[in-house]
>>> print(open('upload-v2.pdb').read())   # PDB, C-alpha atoms
ATOM      1  CA  MET I   1     -11.959  12.416  21.112  1.00  0.00           C
ATOM      2  CA  GLN I   2      -8.722  11.947  23.002  1.00  0.00           C
ATOM      3  CA  ILE I   3      -5.396  13.759  22.666  1.00  0.00           C
ATOM      4  CA  TRP I   4      -2.259  11.621  22.437  1.00  0.00           C
ATOM      5  CA  VAL I   5       1.207  13.150  22.841  1.00  0.00           C
ATOM      6  CA  ASP I   6       4.452  11.627  21.598  1.00  0.00           C
ATOM      7  CA  ALA I   7       5.983  13.120  24.716  1.00  0.00           C
ATOM      8  CA  ASP I   8       9.660  12.144  24.685  1.00  0.00           C
ATOM      9  CA  ALA I   9      10.670  15.131  22.550  1.00  0.00           C
ATOM     10  CA  CYS I  10       7.671  17.393  23.101  1.00  0.00           C
ATOM     11  CA  PRO I  11       8.713  20.795  24.516  1.00  0.00           C
ATOM     12  CA  LYS I  12       7.567  21.504  28.077  1.00  0.00           C
ATOM     13  CA  VAL I  13       5.803  24.695  27.004  1.00  0.00           C
ATOM     14  CA  ILE I  14       3.682  22.659  24.557  1.00  0.00           C
ATOM     15  CA  LYS I  15       2.823  20.143  27.286  1.00  0.00           C
ATOM     16  CA  ASP I  16       1.726  23.049  29.496  1.00  0.00           C
ATOM     17  CA  ILE I  17      -0.543  24.378  26.716  1.00  0.00           C
ATOM     18  CA  LEU I  18      -1.985  20.882  26.311  1.00  0.00           C
ATOM     19  CA  PHE I  19      -2.620  20.509  30.051  1.00  0.00           C
ATOM     20  CA  ARG I  20      -4.582  23.770  30.144  1.00  0.00           C
ATOM     21  CA  ALA I  21      -6.527  22.959  26.968  1.00  0.00           C
ATOM     22  CA  ALA I  22      -7.448  19.462  28.182  1.00  0.00           C
ATOM     23  CA  GLN I  23      -8.772  20.821  31.446  1.00  0.00           C
ATOM     24  CA  ARG I  24     -10.581  23.740  29.792  1.00  0.00           C
ATOM     25  CA  THR I  25     -12.313  21.540  27.199  1.00  0.00           C
ATOM     26  CA  GLN I  26     -12.625  18.415  29.374  1.00  0.00           C
ATOM     27  CA  THR I  27     -10.723  16.400  26.752  1.00  0.00           C
ATOM     28  CA  PRO I  28      -8.756  13.315  27.868  1.00  0.00           C
ATOM     29  CA  LEU I  29      -5.006  13.723  27.336  1.00  0.00           C
ATOM     30  CA  VAL I  30      -2.423  10.916  27.331  1.00  0.00           C
ATOM     31  CA  LEU I  31       1.315  11.538  27.229  1.00  0.00           C
ATOM     32  CA  VAL I  32       3.322   8.540  26.018  1.00  0.00           C
ATOM     33  CA  ALA I  33       7.067   8.376  26.699  1.00  0.00           C
ATOM     34  CA  ASN I  34       9.820   5.950  27.591  1.00  0.00           C
ATOM     35  CA  GLN I  35      10.418   7.826  30.834  1.00  0.00           C
ATOM     36  CA  SER I  36       8.284   8.824  33.765  1.00  0.00           C
ATOM     37  CA  LEU I  37       6.480  12.149  33.288  1.00  0.00           C
ATOM     38  CA  ALA I  38       4.876  14.421  35.829  1.00  0.00           C
ATOM     39  CA  THR I  39       1.301  15.413  35.018  1.00  0.00           C
ATOM     40  CA  PRO I  40      -1.213  17.644  36.779  1.00  0.00           C
ATOM     41  CA  ALA I  41      -3.570  15.932  39.182  1.00  0.00           C
ATOM     42  CA  GLY I  42      -6.933  14.896  37.801  1.00  0.00           C
ATOM     43  CA  SER I  43      -8.577  12.143  35.865  1.00  0.00           C
ATOM     44  CA  LEU I  44      -8.359  13.771  32.418  1.00  0.00           C
ATOM     45  CA  ILE I  45      -4.577  13.823  32.116  1.00  0.00           C
ATOM     46  CA  ARG I  46      -2.365  10.775  32.436  1.00  0.00           C
ATOM     47  CA  SER I  47       0.991   9.516  31.278  1.00  0.00           C
ATOM     48  CA  VAL I  48       1.984   6.098  30.013  1.00  0.00           C
ATOM     49  CA  GLN I  49       5.558   4.931  30.322  1.00  0.00           C
ATOM     50  CA  VAL I  50       6.576   2.462  27.626  1.00  0.00           C
ATOM     51  CA  ALA I  51       9.771   0.440  27.360  1.00  0.00           C
ATOM     52  CA  ALA I  52      12.833   2.130  25.915  1.00  0.00           C
ATOM     53  CA  GLY I  53      13.451   1.388  22.274  1.00  0.00           C
ATOM     54  CA  PHE I  54      13.073   2.658  18.765  1.00  0.00           C
ATOM     55  CA  ASP I  55       9.462   3.714  18.014  1.00  0.00           C
ATOM     56  CA  VAL I  56       7.993   1.952  21.080  1.00  0.00           C
ATOM     57  CA  ALA I  57       5.983   5.046  22.055  1.00  0.00           C
ATOM     58  CA  ASP I  58       4.880   5.506  18.435  1.00  0.00           C
ATOM     59  CA  SER I  59       3.664   1.920  18.235  1.00  0.00           C
ATOM     60  CA  TYR I  60       1.740   2.278  21.482  1.00  0.00           C
ATOM     61  CA  ILE I  61      -0.016   5.407  20.244  1.00  0.00           C
ATOM     62  CA  VAL I  62      -0.948   3.792  16.917  1.00  0.00           C
ATOM     63  CA  GLN I  63      -2.326   0.698  18.676  1.00  0.00           C
ATOM     64  CA  GLN I  64      -4.477   2.750  21.070  1.00  0.00           C
ATOM     65  CA  LEU I  65      -5.608   5.395  18.587  1.00  0.00           C
ATOM     66  CA  ASN I  66      -9.208   5.838  17.447  1.00  0.00           C
ATOM     67  CA  GLY I  67     -10.330   7.695  14.350  1.00  0.00           C
ATOM     68  CA  GLY I  68     -11.012  11.295  15.257  1.00  0.00           C
ATOM     69  CA  ASP I  69      -8.367  11.384  17.996  1.00  0.00           C
ATOM     70  CA  LEU I  70      -5.676  14.061  17.947  1.00  0.00           C
ATOM     71  CA  VAL I  71      -1.960  13.222  18.084  1.00  0.00           C
ATOM     72  CA  VAL I  72       0.786  15.734  18.827  1.00  0.00           C
ATOM     73  CA  THR I  73       4.091  14.608  17.338  1.00  0.00           C
ATOM     74  CA  ALA I  74       7.106  15.881  15.451  1.00  0.00           C
ATOM     75  CA  ASP I  75       7.701  12.350  14.138  1.00  0.00           C
ATOM     76  CA  ILE I  76       6.746  12.342  10.440  1.00  0.00           C
ATOM     77  CA  PRO I  77       6.323   8.542  10.059  1.00  0.00           C
ATOM     78  CA  LEU I  78       4.074   8.476  13.137  1.00  0.00           C
ATOM     79  CA  ALA I  79       2.059  11.403  11.754  1.00  0.00           C
ATOM     80  CA  ALA I  80       1.646   9.520   8.463  1.00  0.00           C
ATOM     81  CA  GLU I  81       0.245   6.463  10.288  1.00  0.00           C
ATOM     82  CA  VAL I  82      -2.071   8.670  12.335  1.00  0.00           C
ATOM     83  CA  VAL I  83      -3.459  10.403   9.242  1.00  0.00           C
ATOM     84  CA  GLU I  84      -3.819   7.058   7.463  1.00  0.00           C
ATOM     85  CA  ARG I  85      -5.942   5.787  10.367  1.00  0.00           C
ATOM     86  CA  GLY I  86      -8.331   8.726  10.122  1.00  0.00           C
ATOM     87  CA  ALA I  87      -7.056  10.676  13.106  1.00  0.00           C
ATOM     88  CA  VAL I  88      -5.603  14.184  13.195  1.00  0.00           C
ATOM     89  CA  ALA I  89      -1.918  14.949  13.713  1.00  0.00           C
ATOM     90  CA  ILE I  90      -0.160  18.227  14.456  1.00  0.00           C
ATOM     91  CA  ASN I  91       3.407  18.975  15.344  1.00  0.00           C
ATOM     92  CA  PRO I  92       4.565  21.081  18.308  1.00  0.00           C
ATOM     93  CA  ARG I  93       4.992  24.063  15.980  1.00  0.00           C
ATOM     94  CA  GLY I  94       1.292  23.969  15.092  1.00  0.00           C
ATOM     95  CA  GLU I  95       1.587  22.455  11.626  1.00  0.00           C
ATOM     96  CA  LEU I  96      -1.389  20.283  10.736  1.00  0.00           C
ATOM     97  CA  TYR I  97      -0.514  17.092   8.881  1.00  0.00           C
ATOM     98  CA  THR I  98      -3.070  16.225   6.201  1.00  0.00           C
ATOM     99  CA  PRO I  99      -3.352  13.436   3.625  1.00  0.00           C
ATOM    100  CA  GLU I 100      -2.273  16.022   1.044  1.00  0.00           C
ATOM    101  CA  THR I 101       0.843  17.226   2.900  1.00  0.00           C
ATOM    102  CA  ILE I 102       2.067  14.110   4.664  1.00  0.00           C
ATOM    103  CA  ARG I 103       3.493  12.441   1.529  1.00  0.00           C
ATOM    104  CA  GLN I 104       5.586  15.516   0.774  1.00  0.00           C
ATOM    105  CA  ARG I 105       6.768  15.715   4.394  1.00  0.00           C
ATOM    106  CA  LEU I 106       7.767  12.012   4.328  1.00  0.00           C
ATOM    107  CA  ALA I 107       9.665  12.465   1.069  1.00  0.00           C
ATOM    108  CA  MET I 108      11.530  15.493   2.436  1.00  0.00           C
ATOM    109  CA  ARG I 109      12.323  13.675   5.686  1.00  0.00           C
ATOM    110  CA  ASN I 110      13.685  10.682   3.765  1.00  0.00           C
ATOM    111  CA  LEU I 111      15.790  12.920   1.517  1.00  0.00           C
ATOM    112  CA  MET I 112      17.273  14.763   4.496  1.00  0.00           C
ATOM    113  CA  GLU I 113      17.993  11.469   6.266  1.00  0.00           C
ATOM    114  CA  GLU I 114      19.751  10.182   3.146  1.00  0.00           C
ATOM    115  CA  LEU I 115      21.843  13.359   2.874  1.00  0.00           C
ATOM    116  CA  ARG I 116      22.841  13.142   6.555  1.00  0.00           C
ATOM    117  CA  SER I 117      23.817   9.488   6.215  1.00  0.00           C
ATOM    118  CA  SER I 118      26.025  10.344   3.223  1.00  0.00           C
ATOM    119  CA  GLY I 119      27.991  12.774   5.378  1.00  0.00           C
ATOM    120  CA  GLU I 120      26.350  16.043   4.379  1.00  0.00           C
ATOM    121  CA  GLN I 121      26.411  18.559   7.203  1.00  0.00           C
ATOM    122  CA  LEU I 122      22.926  19.983   7.475  1.00  0.00           C
ATOM    123  CA  GLY I 123      21.510  22.359  10.015  1.00  0.00           C
ATOM    124  CA  GLY I 124      18.726  21.192  12.283  1.00  0.00           C
ATOM    125  CA  PRO I 125      15.320  22.761  12.671  1.00  0.00           C
ATOM    126  CA  ALA I 126      15.000  26.420  13.569  1.00  0.00           C
ATOM    127  CA  LYS I 127      15.007  27.236  17.277  1.00  0.00           C
ATOM    128  CA  PHE I 128      11.588  26.855  18.899  1.00  0.00           C
ATOM    129  CA  ASN I 129      10.140  30.339  19.506  1.00  0.00           C
ATOM    130  CA  GLN I 130       7.112  32.323  20.679  1.00  0.00           C
ATOM    131  CA  GLN I 131       5.525  32.254  17.196  1.00  0.00           C
ATOM    132  CA  ASP I 132       5.707  28.457  17.225  1.00  0.00           C
ATOM    133  CA  ARG I 133       3.981  28.354  20.617  1.00  0.00           C
ATOM    134  CA  GLN I 134       1.265  30.712  19.440  1.00  0.00           C
ATOM    135  CA  ARG I 135       0.727  28.799  16.193  1.00  0.00           C
ATOM    136  CA  PHE I 136       0.432  25.552  18.151  1.00  0.00           C
ATOM    137  CA  ALA I 137      -2.050  27.030  20.636  1.00  0.00           C
ATOM    138  CA  ASN I 138      -4.165  28.484  17.818  1.00  0.00           C
ATOM    139  CA  THR I 139      -4.191  25.238  15.829  1.00  0.00           C
ATOM    140  CA  LEU I 140      -5.025  23.219  18.949  1.00  0.00           C
ATOM    141  CA  ASP I 141      -7.881  25.566  19.907  1.00  0.00           C
ATOM    142  CA  ARG I 142      -9.306  25.411  16.385  1.00  0.00           C
ATOM    143  CA  LEU I 143      -9.178  21.596  16.296  1.00  0.00           C
ATOM    144  CA  LEU I 144     -10.728  21.239  19.755  1.00  0.00           C
ATOM    145  CA  ALA I 145     -13.533  23.661  18.834  1.00  0.00           C
ATOM    146  CA  GLN I 146     -14.255  21.643  15.666  1.00  0.00           C
ATOM    147  CA  LYS I 147     -14.491  18.411  17.666  1.00  0.00           C
ATOM    148  CA  ARG I 148     -17.043  19.785  20.148  1.00  0.00           C
TER     149      ARG I 148
END
>>> encode(input="upload-v2.pdb", output="structure tokens")
Amino acid sequence: MQIWVDADACPKVIKDILFRAAQRTQTPLVLVANQSLATPAGSLIRSVQVAAGFDVADSYIVQQLNGGDLVVTADIPLAAEVVERGAVAINPRGELYTPETIRQRLAMRNLMEELRSSGEQLGGPAKFNQQDRQRFANTLDRLLAQKR
């Protein structure tokens, strides 16, 4: 198992949790972004810089992914591809994407995108908070324990 991170929009606090978990469990971790990222020293954690562009990091992750890998992303279409390929996807708030929930999440995302494009003023996601961090850490720990 390997952990992949759609790192361009991933909060720093989540990356820090991932760094500690990768080292603690000896699980390889790859951060993929279109910019250079600093990572802790060691052979388990690395970053990959991809070219700038729409969904370039997503495409890289999907191409490199193996079934059973874990992907951290807030990108619903990427999560859908990950789940379809037999891997596990969670978002930085600790929500696990499953075959049962991903269709609903895609439909809601598409509806919200359509409303925004028609000029509707909609609020964004709630501010990232301590509960989100804790939920992510708990979900990550549970998934890593299951994979051992």
>>> resolve_selection(input="upload-v2.pdb", expression="the PyMOL selection byres ((chain I and resi 40-45) around 12)", output="PyMOL selection string")
chain I and resi 1-5+15-16+18-32+37-39+46-48
>>> write_last_selection(input="upload-v2.pdb", atoms="C-alpha atoms", output="compact mmCIF listing (two decimals), keeping the file's coordinate frame")
# COMPACT_ATOMS: atom_id res chain seq x y z
CA MET I 1 -11.96 12.42 21.11
CA GLN I 2 -8.72 11.95 23.00
CA ILE I 3 -5.40 13.76 22.67
CA TRP I 4 -2.26 11.62 22.44
CA VAL I 5 1.21 13.15 22.84
CA LYS I 15 2.82 20.14 27.29
CA ASP I 16 1.73 23.05 29.50
CA LEU I 18 -1.98 20.88 26.31
CA PHE I 19 -2.62 20.51 30.05
CA ARG I 20 -4.58 23.77 30.14
CA ALA I 21 -6.53 22.96 26.97
CA ALA I 22 -7.45 19.46 28.18
CA GLN I 23 -8.77 20.82 31.45
CA ARG I 24 -10.58 23.74 29.79
CA THR I 25 -12.31 21.54 27.20
CA GLN I 26 -12.62 18.42 29.37
CA THR I 27 -10.72 16.40 26.75
CA PRO I 28 -8.76 13.32 27.87
CA LEU I 29 -5.01 13.72 27.34
CA VAL I 30 -2.42 10.92 27.33
CA LEU I 31 1.32 11.54 27.23
CA VAL I 32 3.32 8.54 26.02
CA LEU I 37 6.48 12.15 33.29
CA ALA I 38 4.88 14.42 35.83
CA THR I 39 1.30 15.41 35.02
CA ARG I 46 -2.37 10.78 32.44
CA SER I 47 0.99 9.52 31.28
CA VAL I 48 1.98 6.10 30.01
>>> axis_aligned_box(input="upload-v2.pdb", around="segment 82-91 of chain I", padding_each_side="3 Å", output="lines of an AutoDock Vina configuration file")
center_x = -2.5
center_y = 12.4
center_z = 11.4
size_x = 17.7
size_y = 19.2
size_z = 13.9
>>> resolve_selection(input="upload-v2.pdb", expression="the PyMOL selection byres ((chain I and resi 56) around 12)", output="list in words")
Asp6, Ala7, Asp8, Val32, Ala33, Asn34, Gln35, Val48, Gln49, Val50, Ala51, Ala52, Gly53, Phe54, Asp55, Ala57, Asp58, Ser59, Tyr60, Ile61, Val62, Gln63 and Leu78 of chain I
>>> atom_distance(input="upload-v2.pdb", atom1="atom CA of Phe128 of chain I", atom2="atom CA of Val13 of chain I")
10.2 Å
>>> resolve_selection(input="upload-v2.pdb", expression="the PyMOL selection byres ((chain I and resi 70) around 9)", output="CSV table (one decimal) with C-alpha atoms, in the coordinates of the input")
chain,number,residue,atom,x,y,z
I,1,MET,CA,-12.0,12.4,21.1
I,2,GLN,CA,-8.7,11.9,23.0
I,3,ILE,CA,-5.4,13.8,22.7
I,4,TRP,CA,-2.3,11.6,22.4
I,5,VAL,CA,1.2,13.2,22.8
I,65,LEU,CA,-5.6,5.4,18.6
I,66,ASN,CA,-9.2,5.8,17.4
I,67,GLY,CA,-10.3,7.7,14.4
I,68,GLY,CA,-11.0,11.3,15.3
I,69,ASP,CA,-8.4,11.4,18.0
I,71,VAL,CA,-2.0,13.2,18.1
I,72,VAL,CA,0.8,15.7,18.8
I,82,VAL,CA,-2.1,8.7,12.3
I,87,ALA,CA,-7.1,10.7,13.1
I,88,VAL,CA,-5.6,14.2,13.2
I,89,ALA,CA,-1.9,14.9,13.7
I,90,ILE,CA,-0.2,18.2,14.5
I,143,LEU,CA,-9.2,21.6,16.3
I,144,LEU,CA,-10.7,21.2,19.8
>>> atom_distance(input="upload-v2.pdb", atom1="atom CA of Thr139 of chain I", atom2="atom CA of Ala80 of chain I")
18.3 Å
>>> atom_distance(input="upload-v2.pdb", atom1="atom CA of Gln64 of chain I", atom2="atom CA of Glu81 of chain I")
12.3 Å
>>> closest_residue(input="upload-v2.pdb", among="I:Ile14, I:Val83, I:Ile76, I:Met108", to="Arg135 of chain I", atoms="only C-alpha atoms")
I:Ile14
>>> residues_near_point(input="upload-v2.pdb", point="(1.4, 15.0, 8.3)", cutoff="6 Å", atoms="all atoms listed in the file", output="ChimeraX atom specification")
/I:79-80,97-98,101-102
>>> closest_residue(input="upload-v2.pdb", among="I:Arg93, I:Arg142, I:Ile17, I:Glu100", to="Lys127 of chain I", atoms="all atoms listed in the file")
I:Arg93
>>> closest_residue(input="upload-v2.pdb", among="I:Gln146, I:Thr73, I:Lys12, I:Ser118", to="Gly94 of chain I", atoms="only C-alpha atoms")
I:Thr73
>>> closest_residue(input="upload-v2.pdb", among="I:Pro92, I:Gly86, I:Asp75, I:Cys10", to="Gln130 of chain I", atoms="only C-alpha atoms")
I:Pro92
>>> residues_near_point(input="upload-v2.pdb", point="(3.9, 8.4, 5.2)", cutoff="6 Å", atoms="only C-alpha atoms", output="PyMOL selection string")
chain I and resi 77+80+103+106
